[in-house]
Amino acid sequence: MASAYEALLEFVRETGQLAAIQELLDWDQQVCMPPKGVHARAEQVGLVAGLVHERLTSPRMGDALAALTEPTGDPVADTNIRETRRAYDRAVKVPGDLVREIARTSALAHEAWAQARRESDFPTFAPFLERLVDLRRRVAECIGYVVEPYDALLDEYEPGMSTAQVAELFAALRRGLVPLVQAVAGAARRPDASILTRHYPIDAQRELVLEISRAMGFDFEAGRMDVSTHPFTSGSCPGDVRLTTRYDDHFLPSALFGAMHEVGHGLYQQGLPAEHVFTPMGASVSLGIHESQSRMWENLVGRSAAFWHCWYADVQRRFPDALADVGREAFLGAVNAVSPSFIRVEADEVTYNLHIILRFELEREIVQGRLAVADIPQAWNAKFTELLGVTPPDDRRGCLQDIHWSMGAFGYFPTYALGNLYAAQFFSAARQAIPDLDDRVAGGDLRTLLDWLRENIHCHGQRYRATELVEKVTGQPLRVGPFLDYVRGKMSPFYGLR
Ligand code: ZN
């Protein structure tokens with residue numbers, strides 16, 4: 001028994017190493033590869049991806065799993081077997097031809113999408129999107145689902161979460177957020193966010209970002225921070241975590257909160273149990289849980305009064321021209337300003353989830369075949385107006401803005417909003433466990449929170465599915481209450497709401 005497991009584990013570890021090599025190739029492409037390397041790199045990435053898929057679906061994997069049907073009684077082994085079986089089952093159910101067809105179509109769709117977005121021309125992208133919807137539906141049919149095909153797609157990014165659960169959470173979120181956005185829009189008082197678009201020299205921003213990252217506990221002996229067009233975090237072992245950020249000398253939040261977000265992801269990666277590296281026990285739970293870590297540091301810590309109590313004088317000193325005449329309260333209001341806008345990645349904490357709810361509701365209908373691809377722009381704009389009270393002027397700032405659908409990644413969007421909900425519920429539990437948490441943050445101590453996250457979330461790897469982890473850590477299933485209480489409580493003073 002032990003030897004069958006050991007054999008499986010060795011194969012899983014090597015497969016994990018290969019996947020890590022693929023990730024490193026991708027990081028290099030986005031951060032330092034010269035442009036002419038693109039063709040050779042595409043071949044290298046394709047080769048390694050093929051090797052990973054081949055191993056994941058190999059008879060060796062299947063035979064090893066077939067010999068391990070009984071629980072071992074060891075939670076580490078049981079987790080590794082359960083999650084490896086899940087990955088194997090999903091991978092073998094989808095025929096290789098279909099996988100290759102999706103890869104080919106996505107590559108073409110990506111080009112078509114990039115051009116369509118530039119020219120705000122949805123009809124030229126529509127045929128590619130139709131093809132991808134059809135291919136993804138076939139994937140859902142191959143994998144199987146209980147209620148609707150979207151379940152199979154969502155499960156890829158948020159294992160164990162059902163469409164019905166997401167729909168229920170989002171309906172409650174929508175009921176809470178829409179009136180809040182309306183109240184904010186009609187408020188007599190509002191913070192002045194324009195101070196954030198003054199001139200902030202990039203060298204000073206870089207130094208600030210590094211100092212905050214260190215204070216958060218990011219280990220630069222076990223990670224790096226570089227610059228890329230689209231910030232991301234990569235690295236599948238705790239000893240080598242790659243983050244990126246981007247700087248805009250006329251918009252401070254881009255690098256400041258962008259970096260705190262990615263450092264949040266990075267701290268999770270660095271906190272995963274190193275002894276289980278390249279196995280499920282050493283991996284993150286889900287995209288939603290990953291996002292909970294980044295959003296907690298970015299928003300619940302980074303946009304809090306406690307955090308700026310400690311950091312504002314320092315920031316003001318670094319940017320005397322921009323901030324000499326700005327008080328701490330005014331700055332805090334500016335970084336928390338709420339305003340309906342068209343672009344998801346620029347959205348504030350309150351309206352952000354409405355952008356996600358819109359995408360979830362549309363893609364669920366698209367996958368079910370109830371919304372035709374050709375009708376997406378109209379449906380998008382109608383729903384956007386309903387949720388946010390403003391109408392996108394064109395498709396570039398509407399349904400063409402995100403890359404996800406051009407990759408066929410239906411089911412991915414909900415994890416962003418789930419991340420916000422997990423973050424608020426985890427943070428509220430952290431506050432209960434550490435009653436003086438705010439005082440500690442205000443005094444510059446960010447390590448107490450990190451230690452709590454390490455002990456309660458990071459150390460478990462994939463031992464618990466996201467829904468179980470939330471119950472274990474907070475004593476409650478995932479709810480919208482903690483998030484709604486948090487945003488209502490935070491925005492009320494800035495907008496004079498009662
Ligand atoms: Zn993120």
# chains A, B, ... in the order shown; residues from 1 in each chain; ligands from 1
call {"tool": "residues_near_ligand", "arguments": {"ligand": "ligand 1", "cutoff": "7 Å", "atoms": "only C-alpha atoms and all ligand atoms", "output": "PyMOL selection string"}}
result
chain A and resi 261-262+265+291+294
call {"tool": "residues_around", "arguments": {"residues": "A:Ile356", "least_positions_apart": "2", "cutoff": "9 Å", "atoms": "only C-alpha atoms", "output": "ChimeraX atom specification"}}
result
/A:344,352-354,358-361,413-417
call {"tool": "select_by_dssp", "arguments": {"residues": "stretch 233-424 of chain A", "states": "strand (DSSP E)", "output": "list in words"}}
result
Thr233, Ser234, Gly235, Ser236, Cys237, Asp240, Val241, Arg242, Leu243, Thr244 and Thr245 of chain A
call {"tool": "residues_around", "arguments": {"residues": "A:Asp325", "least_positions_apart": "5", "cutoff": "10 Å", "atoms": "only C-alpha atoms", "output": "count of residues only"}}
result
4
call {"tool": "atom_distance", "arguments": {"atom1": "atom CA of A:Gly475", "atom2": "atom CA of A:Val166"}}
result
19.5 Å
call {"tool": "atom_distance", "arguments": {"atom1": "atom CA of A:Phe483", "atom2": "atom CA of A:Arg440"}}
result
21.8 Å
call {"tool": "atom_distance", "arguments": {"atom1": "atom CA of A:Ala429", "atom2": "atom CA of A:Arg82"}}
result
28.4 Å
call {"tool": "residues_around", "arguments": {"residues": "A:Phe251", "least_positions_apart": "5", "cutoff": "12 Å", "atoms": "only C-alpha atoms", "output": "ChimeraX atom specification"}}
result
/A:193-202,205,246,256-258,322,334-335,346
call {"tool": "closest_residue", "arguments": {"among": "A:Arg175, A:Arg60, A:Arg104, A:Arg328", "to": "A:Tyr88", "atoms": "only C-alpha atoms"}}
result
A:Arg60
call {"tool": "closest_residue", "arguments": {"among": "A:Cys32, A:Ala274, A:Leu449, A:Ala87", "to": "A:Leu56", "atoms": "only C-alpha atoms"}}
result
A:Ala87
call {"tool": "closest_residue", "arguments": {"among": "A:Asp248, A:Asp155, A:Glu211, A:Glu221", "to": "A:Ala466", "atoms": "only C-alpha atoms"}}
result
A:Asp155
call {"tool": "closest_residue", "arguments": {"among": "A:Ser236, A:Thr229, A:Gln44, A:Gln293", "to": "A:Glu23", "atoms": "only C-alpha atoms"}}
result
A:Ser236
